[in-house]
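Trainee: Submitted below is the structure of interest, expressed as structure tokens.
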Amino acid sequence: RYSTKLNKNVYTFNEMMHPRRRLQQQCEAANPNNNVYDAPSIMKRLFSSVMQSANDNNLLDKFFFSKQQLPTELKKKKKKKEIGSVLRTAARSYKANGSSRPASPTYTTNKPSKPEITITHDGVVGDYNDYRTRALKSTPNRAISILTQDVMDAITSTFRSGMQAGDLGENILVNGLLHTSFRVGDRFTFLPPARTNEQDNNNNNNNDKQQQQQQGNGGGAVVVEITEPIEPCSNLCKLPYINRDEWKPSRRVQECKNFLQYLDQRDGFRGWYAKVVTGGTIRVGFDMKKLV
């Protein structure tokens with residue numbers, strides 16, 4: 001029932017488990033006077049012989065994988081793809097009536113939703129930020145602001161307020177990435193969803209035209225670089241659920257202080273600023289992917 005064909009360097013399973021001949025030869029060599037060995041002594045010699053044979057021929061390593069012998073594919077942990085989806089794009093244009101200035105009683109940090117935004121090295125086309133424009137001379141390092149959905153969820157659950165998307169002044173709201181997924185110097189690209197790319201590749205006749213359209217509108221070509229975490233500012237205290245008319249001044253001050261401290265608990269909880277490496281158009285539904 002067992003194979004009798006022996007490999008030069010490996011013993012068969014039958015020989016390893018039933019080495020009768022080898023045990024007989026060893027007993028005869030060690031006991032020329034044919035003295036009787038007791039059962040425990042024989043089993044001990046049998047076990048030592050088998051283990052020595054297995055060790056000499058690396059049979060144990062063949063039956064059991066050691067950590068060093070595991071395939072490299074199993075050792076390497078698959079890195080999670082850092083990719084999110086654009087839920088919302090927003091921009092607020094300059095108002096000549098003065099409402100774009102924080103000193104105005106009608107000023108708000110909320111930015112209205114847009115189906116798409118176009119960004120250049122100067123920032124988001126049609127978007128105005130008073131502090132960036134006047135105090136920082138339109139610095140390119142704050143060309144665009146990005147917020148993650150996990151922050152929105154945390155604020156809503158903590159303050160149980162009427163917070164709305166855009167209240168923190170973000171140009172882009174992203175789902176699938178956390179506020180901790182960003183570091184200064186990281187680069188991200190905005191691409192059409194993967195399924196759209198596959199459909200475009202399958203359509204050979206219109207592939208060239210679609211690529212030209214994508215290049216023209218910036219699809220799949222936008223790249224930004226994270227420059228700094230956004231710091232909470234007192235302008236957020238003008239949001240209606242932080243500064244309610246029925247509250248006393250002392251409570252308004254305290255609510256504002258609590259809100260700003262909450263947003264300042266860690267980097268990125270207020271959002272991230274980025275500069276534009278490659279401009280173009282970003283649409284709702286685009287993927288936001290971290291570049292390695």
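Residue names in the structure tokens use chain letters A, B, ... in the order shown, residue numbers from 1 in each chain, and ligand numbers from 1 in the order shown.
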Using only C-alpha atoms, which residues sit within 12 Å of Ala103 in chain A once same-chain residues fewer than 4 positions away are excluded, as a PyMOL selection string?

Mentor: chain A and resi 98-99+107-108+130-131+234-235+238

Trainee: For the residues in that selection, give me C-alpha atoms as a JSON list (two decimals), in the first residue's frame.

Mentor:
```json
[["chain", "number", "residue", "atom", "x", "y", "z"],
["A", 98, "GLY", "CA", -20.66, 93.86, 1.60],
["A", 99, "SER", "CA", -22.12, 90.55, 2.82],
["A", 107, "TYR", "CA", -22.20, 87.26, 6.65],
["A", 108, "THR", "CA", -22.08, 83.46, 6.74],
["A", 130, "ASP", "CA", -12.10, 87.47, 2.61],
["A", 131, "TYR", "CA", -9.17, 86.65, 4.90],
["A", 234, "SER", "CA", -14.37, 83.04, 15.31],
["A", 235, "ASN", "CA", -16.33, 83.62, 12.08],
["A", 238, "LYS", "CA", -22.02, 83.43, 13.40]]
```

Trainee: Do a neighbour search on Lys290 in chain A at 9 Å with only C-alpha atoms, toss out local chain neighbours closer than 6 positions, and write the hits as number ranges by chain.

Mentor: A: 81-84, 182, 186-189

Trainee: Which of these, A:Thr139, A:Thr109, A:Ser250, A:Ser48, has the shortest distance to Ala165 in chain A once you count only C-alpha atoms?

Mentor: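 Closest to Ala165 in chain A, using only C-alpha atoms: A:Thr109.
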
Trainee: Could you work out how far CA of Leu236 in chain A lies from CA of Leu263 in chain A, giving the answer in Å with one decimal?

Mentor: 10.5 Å

Trainee: Please identify all polymer residues within 6 Å of range 90-92 of chain A, counting only C-alpha atoms, omitting same-chain residues fewer than 6 positions from it, and present them as a list in words.

Mentor: Lys111, Pro112, Ser113, Lys114, Asp127, Tyr128 and Asn171 of chain A

Trainee: Can you write just those residues out, C-alpha atoms, as an mmCIF file, in the first residue's frame?

Mentor:
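So the final result, stored in again.cif, reads:
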```cif
data_model
loop_
_atom_site.group_PDB
_atom_site.id
_atom_site.type_symbol
_atom_site.label_atom_id
_atom_site.label_comp_id
_atom_site.auth_asym_id
_atom_site.auth_seq_id
_atom_site.Cartn_x
_atom_site.Cartn_y
_atom_site.Cartn_z
ATOM 1 C CA LYS A 111 -20.871 77.965 0.838
ATOM 2 C CA PRO A 112 -23.713 76.972 -1.511
ATOM 3 C CA SER A 113 -23.549 73.694 -3.367
ATOM 4 C CA LYS A 114 -22.401 73.479 -6.989
ATOM 5 C CA ASP A 127 -15.081 81.489 -4.852
ATOM 6 C CA TYR A 128 -14.183 84.267 -2.427
ATOM 7 C CA ASN A 171 -15.067 73.633 -1.169
#
```

Trainee: Excluding Val151 in chain A and residues on its chain fewer than 5 positions from it, collect all residues at most 10 Å away from it, counting only C-alpha atoms, and give them as a PyMOL selection string.

Mentor: chain A and resi 156-157+178-179+263+268-271

Trainee: How many Å lie between CA of Asn97 in chain A and CA of Pro115 in chain A, rounded to one decimal?

Mentor: 25.5 Å

Trainee: CA of Leu147 in chain A and CA of Phe159 in chain A are how many Å apart?

Mentor: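 Going from CA of Leu147 in chain A over to CA of Phe159 in chain A, I get 18.0 Å.
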